[in-house]
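Chemist: Before I ask anything, let me first share the structure, which is written out below as structure tokens.
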Amino acid sequence: MESGLNFSAADLAQTRFAVSPMWEVVTSFRLLRDTTEPPLHRRWAAQVRPRLAQAGLDSGWLAELVPGHGYLADFLNPTPATPFPTLAAELDAIRASTPAQVRADLDILRTKDPAGRRPSPRLRLLREAPEEALEKVAAEIETYWELALAPYWARIRQLLEADVFHRARQVAEHGSARVLSELHETVRWDDGTLHLVRRHCALTRDQTGSGLLLVPSAFAWPRVLTRAVAPDPPQLAYPARGVGNLWEPRTNAATDAVAAVLGRSRTLLLTELDTPASTTQLAVHCGLSAAGVSQHLTALRNAGLVTAHRSGRSVLYARTSVADALLAPSDELV
């Protein structure tokens, strides 16, 4: 199936990019629901899945609203007001969803259910008391974020921002048409129309508002996802450039130079935090005492080189983008 989104000069003028935390929430959650191993995200999924199961998030509100395939509730992806909105801002927009929109999304979810099941208690509450239920949805999303995305967000956001900046340069140098044609193999620009091929549902201008919002995603691969809710502009989430290298280790010989400043133990901890870890895990892997690791992590956190994120009874530490830059080869430093 192929659909076409027609563009006027005004639509092209209103085409913009945004990095959306909520698109990363829904695409990453859908990826984790797949029973097959995600080749690009295997290391991340292996760490995150046990945390979600322990917290019961594999069968909560998100599981109801984000099926493994096909349509997902549109109110989960409100139009970003800025190019780089915070999760808090997007959750506020979700809480402000109108009852009519929520019920319309629930109707679509029900018609798309191949098993034709009766609505669950959660979905019935969402229909009957949307304001109360949306608070519960937002609370679960915050928990999911802390367990699955926050420890890795510096790295993910760096990838997404790099995609936006690259494509913005391409627009300036070559124009919007070329950039739109290079988003994905299923997206093609031709004579004022953006064609989407091999789509299960059509995306046409009469379904949406003017313009187009382009959202790079670390977890959308290998497909593109769309949102069409009038009067909002259509949204198209596409795989970000370089996602295949997202989880590659980033340590190298530059660590010697960093160690001369920070010391060997703190540099060792930073290199171990290529994936988030707890104080106990770091102590075992680095051969240091738990008290010593805790002291070093406090100093690194105060310096803006690591962040801390609660995961159940544990606290996971992760490198920040500043630390990634310090550990990058000299020819990668900006």
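Residue numbering restarts at 1 for every chain of the structure tokens, chains are lettered A, B, ... in their displayed order, and ligands are numbered from 1 as they appear.
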Would you pick out the contacts of A:Asp163 at 7 Å or less, using only C-alpha atoms, so that residues sharing its chain but fewer than 4 positions from it are not included, and give the list as a list of chain:residue names?
Modeler: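 The residues satisfying every condition are A:Leu159, A:Arg167, A:Pro216, A:Ala240, A:Arg241.
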Chemist: Write out, as a compact mmCIF listing (two decimals), in the first residue's frame, the residues just selected, with C-alpha atoms.
Modeler:
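Result file follows (result18.txt):
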```
# COMPACT_ATOMS: atom_id res chain seq x y z
CA LEU A 159 22.71 10.46 18.33
CA ARG A 167 19.79 17.07 8.05
CA PRO A 216 14.60 10.92 14.34
CA ALA A 240 18.33 8.13 13.01
CA ARG A 241 21.64 8.06 11.15
```
Chemist: Determine which residues of stretch 38-249 of chain A receive a DSSP assignment of alpha helix (DSSP H), computed from the backbone, and state them as a ChimeraX atom specification.
Modeler: /A:42-55,61-65,87-95,99-112,121-128,130-144,153-174,176-181
Chemist: Provide the atom CA of A:Leu316 to atom CA of A:Ala55 distance in Å, to one decimal place.
Modeler: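 That distance, rounded to one decimal, is 15.2 Å.
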Chemist: For atom CA of A:Glu128 and atom CA of A:Leu91, determine how far apart the two atoms are, in Å to one decimal place.
Modeler: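 Pair atom CA of A:Glu128 / atom CA of A:Leu91 returns 20.3 Å.
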Chemist: List the spatial neighbours of A:Thr267 as a ChimeraX atom specification - criterion: any atom at most 12 Å away, only C-alpha atoms, same-chain residues fewer than 3 positions off excluded.
Modeler: /A:251-264,270-274,286,293,296-297,299-300,305-306,319,323-324,326-327
Chemist: Write out as a PDB file with N, CA and C atoms, in the first residue's frame the residues lying within 10 Å of A:Val19, counting only C-alpha atoms and excluding same-chain residues fewer than 3 positions away.
Modeler:
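The resulting file, result_29.pdb, is reproduced below:
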```pdb
ATOM      1  N   MET A  22       9.028  11.074  24.027  1.00  0.00           N
ATOM      2  CA  MET A  22       7.917  10.126  23.987  1.00  0.00           C
ATOM      3  C   MET A  22       7.984   9.200  22.786  1.00  0.00           C
ATOM      4  N   TRP A  23       8.493   9.663  21.660  1.00  0.00           N
ATOM      5  CA  TRP A  23       8.671   8.742  20.533  1.00  0.00           C
ATOM      6  C   TRP A  23       9.682   7.653  20.912  1.00  0.00           C
ATOM      7  N   GLU A  24      10.706   8.002  21.693  1.00  0.00           N
ATOM      8  CA  GLU A  24      11.665   6.986  22.124  1.00  0.00           C
ATOM      9  C   GLU A  24      11.030   6.030  23.130  1.00  0.00           C
ATOM     10  N   PRO A  80       5.476  17.982  19.617  1.00  0.00           N
ATOM     11  CA  PRO A  80       6.453  18.731  20.418  1.00  0.00           C
ATOM     12  C   PRO A  80       6.353  20.229  20.145  1.00  0.00           C
ATOM     13  N   THR A  82       8.671  22.399  20.986  1.00  0.00           N
ATOM     14  CA  THR A  82      10.007  22.918  20.713  1.00  0.00           C
ATOM     15  C   THR A  82      10.831  21.836  20.019  1.00  0.00           C
ATOM     16  N   PRO A  83      11.990  22.187  19.469  1.00  0.00           N
ATOM     17  CA  PRO A  83      12.813  21.162  18.817  1.00  0.00           C
ATOM     18  C   PRO A  83      13.337  20.095  19.773  1.00  0.00           C
ATOM     19  N   PHE A  84      13.531  20.445  21.061  1.00  0.00           N
ATOM     20  CA  PHE A  84      14.079  19.494  22.019  1.00  0.00           C
ATOM     21  C   PHE A  84      13.260  19.539  23.310  1.00  0.00           C
ATOM     22  N   PRO A  85      12.029  19.052  23.267  1.00  0.00           N
ATOM     23  CA  PRO A  85      11.191  19.095  24.472  1.00  0.00           C
ATOM     24  C   PRO A  85      11.688  18.110  25.531  1.00  0.00           C
ATOM     25  N   THR A  86      11.360  18.399  26.783  1.00  0.00           N
ATOM     26  CA  THR A  86      11.679  17.473  27.871  1.00  0.00           C
ATOM     27  C   THR A  86      10.582  16.432  27.990  1.00  0.00           C
ATOM     28  N   ARG A 157      20.353  10.848  23.082  1.00  0.00           N
ATOM     29  CA  ARG A 157      20.093  12.224  22.649  1.00  0.00           C
ATOM     30  C   ARG A 157      21.213  12.739  21.747  1.00  0.00           C
ATOM     31  N   LEU A 160      20.492  11.489  18.311  1.00  0.00           N
ATOM     32  CA  LEU A 160      19.338  12.139  17.692  1.00  0.00           C
ATOM     33  C   LEU A 160      19.658  13.583  17.306  1.00  0.00           C
ATOM     34  N   GLU A 161      20.355  14.298  18.177  1.00  0.00           N
ATOM     35  CA  GLU A 161      20.712  15.678  17.865  1.00  0.00           C
ATOM     36  C   GLU A 161      21.662  15.731  16.677  1.00  0.00           C
ATOM     37  N   ASP A 163      21.705  13.719  14.186  1.00  0.00           N
ATOM     38  CA  ASP A 163      20.888  13.506  12.990  1.00  0.00           C
ATOM     39  C   ASP A 163      20.190  14.791  12.587  1.00  0.00           C
ATOM     40  N   VAL A 164      19.600  15.490  13.556  1.00  0.00           N
ATOM     41  CA  VAL A 164      18.890  16.739  13.263  1.00  0.00           C
ATOM     42  C   VAL A 164      19.840  17.774  12.672  1.00  0.00           C
ATOM     43  N   LEU A 214       9.313  16.039  11.530  1.00  0.00           N
ATOM     44  CA  LEU A 214      10.215  14.914  11.310  1.00  0.00           C
ATOM     45  C   LEU A 214      10.949  14.606  12.611  1.00  0.00           C
ATOM     46  N   VAL A 215      10.846  13.347  13.060  1.00  0.00           N
ATOM     47  CA  VAL A 215      11.369  12.964  14.373  1.00  0.00           C
ATOM     48  C   VAL A 215      12.352  11.804  14.217  1.00  0.00           C
ATOM     49  N   PRO A 216      13.651  12.044  14.378  1.00  0.00           N
ATOM     50  CA  PRO A 216      14.596  10.922  14.340  1.00  0.00           C
ATOM     51  C   PRO A 216      14.414  10.049  15.570  1.00  0.00           C
ATOM     52  N   SER A 217      14.612   8.742  15.401  1.00  0.00           N
ATOM     53  CA  SER A 217      14.419   7.814  16.510  1.00  0.00           C
ATOM     54  C   SER A 217      15.530   6.781  16.546  1.00  0.00           C
ATOM     55  N   ALA A 237       8.246   9.535  12.287  1.00  0.00           N
ATOM     56  CA  ALA A 237       9.410   9.098  13.056  1.00  0.00           C
ATOM     57  C   ALA A 237      10.215   8.131  12.200  1.00  0.00           C
TER      58      ALA A 237
END
```
Chemist: Would you pick out the contacts of A:Leu65 at 10 Å or less, using only C-alpha atoms, so that residues sharing its chain but fewer than 4 positions from it are not included, and give the list as a tab-separated table (two decimals) with N, CA and C atoms, in the first residue's frame?
Modeler:
```tsv
chain	number	residue	atom	x	y	z
A	26	VAL	N	7.75	5.06	23.17
A	26	VAL	CA	6.85	4.10	22.51
A	26	VAL	C	7.61	3.17	21.57
A	60	GLY	N	1.62	-3.50	31.88
A	60	GLY	CA	0.93	-2.37	32.46
A	60	GLY	C	0.18	-1.53	31.45
A	61	TRP	N	0.12	-0.23	31.70
A	61	TRP	CA	-0.61	0.69	30.83
A	61	TRP	C	0.00	0.75	29.43
A	71	TYR	N	-1.21	-0.11	14.95
A	71	TYR	CA	-1.58	1.18	15.53
A	71	TYR	C	-1.24	1.25	17.02
A	72	LEU	N	-0.74	2.42	17.45
A	72	LEU	CA	-0.57	2.70	18.87
A	72	LEU	C	-1.27	4.01	19.18
A	73	ALA	N	-1.69	4.19	20.43
A	73	ALA	CA	-2.51	5.33	20.81
A	73	ALA	C	-1.82	6.65	20.46
A	74	ASP	N	-2.47	7.47	19.64
A	74	ASP	CA	-1.87	8.72	19.17
A	74	ASP	C	-1.63	9.73	20.28
A	75	PHE	N	-2.44	9.68	21.34
A	75	PHE	CA	-2.25	10.70	22.38
A	75	PHE	C	-0.93	10.54	23.12
A	76	LEU	N	-0.25	9.41	22.94
A	76	LEU	CA	1.06	9.21	23.54
A	76	LEU	C	2.15	10.01	22.85
A	105	ASP	N	-8.91	7.20	20.11
A	105	ASP	CA	-7.76	6.29	20.04
A	105	ASP	C	-8.14	4.90	20.55
A	106	LEU	N	-8.92	4.85	21.62
A	106	LEU	CA	-9.34	3.56	22.15
A	106	LEU	C	-10.23	2.81	21.16
A	109	LEU	N	-7.89	1.31	18.60
A	109	LEU	CA	-7.19	0.16	19.18
A	109	LEU	C	-8.09	-1.07	19.21
A	122	ARG	N	-8.22	-1.50	32.63
A	122	ARG	CA	-7.46	-0.26	32.42
A	122	ARG	C	-8.06	0.57	31.30
A	123	LEU	N	-8.36	-0.07	30.19
A	123	LEU	CA	-8.91	0.67	29.06
A	123	LEU	C	-10.31	1.19	29.35
A	137	VAL	N	-1.16	6.68	33.59
A	137	VAL	CA	-0.34	6.44	32.41
A	137	VAL	C	0.97	7.23	32.50
```
Chemist: Atom CA of A:Val229 and atom CA of A:Ala104, how far apart in Å?
Modeler: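 Calculated distance between atom CA of A:Ala104 and atom CA of A:Val229 is 10.6 Å.
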Chemist: Could you name the residues that touch A:Ala150 at 12 Å or less, counting only C-alpha atoms, but leaving out those on the same chain fewer than 5 positions away, as a PyMOL selection string?
Modeler: chain A and resi 21+24-25+48+86-87+141-145+155-157+275-276+306-311+315-320
Chemist: Looking at A:Ser321, A:Thr98, A:Ser314, A:Ser265, which one is nearest to A:Glu131, with distances taken over only C-alpha atoms?
Modeler: A:Thr98
Chemist: Point out the residue among A:Leu225, A:Ala172, A:Gly56, A:Ala100 with the least atom-to-atom distance to A:Glu140, counting only C-alpha atoms.
Modeler: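 Closest to A:Glu140 of all the choices is A:Gly56.
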Chemist: Which residue, A:Leu32, A:Ala81, A:Ala46, A:Ala283, has the smallest gap to A:Val66 when you use only C-alpha atoms?
Modeler: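 Among the listed residues, the smallest separation from A:Val66 belongs to A:Leu32.
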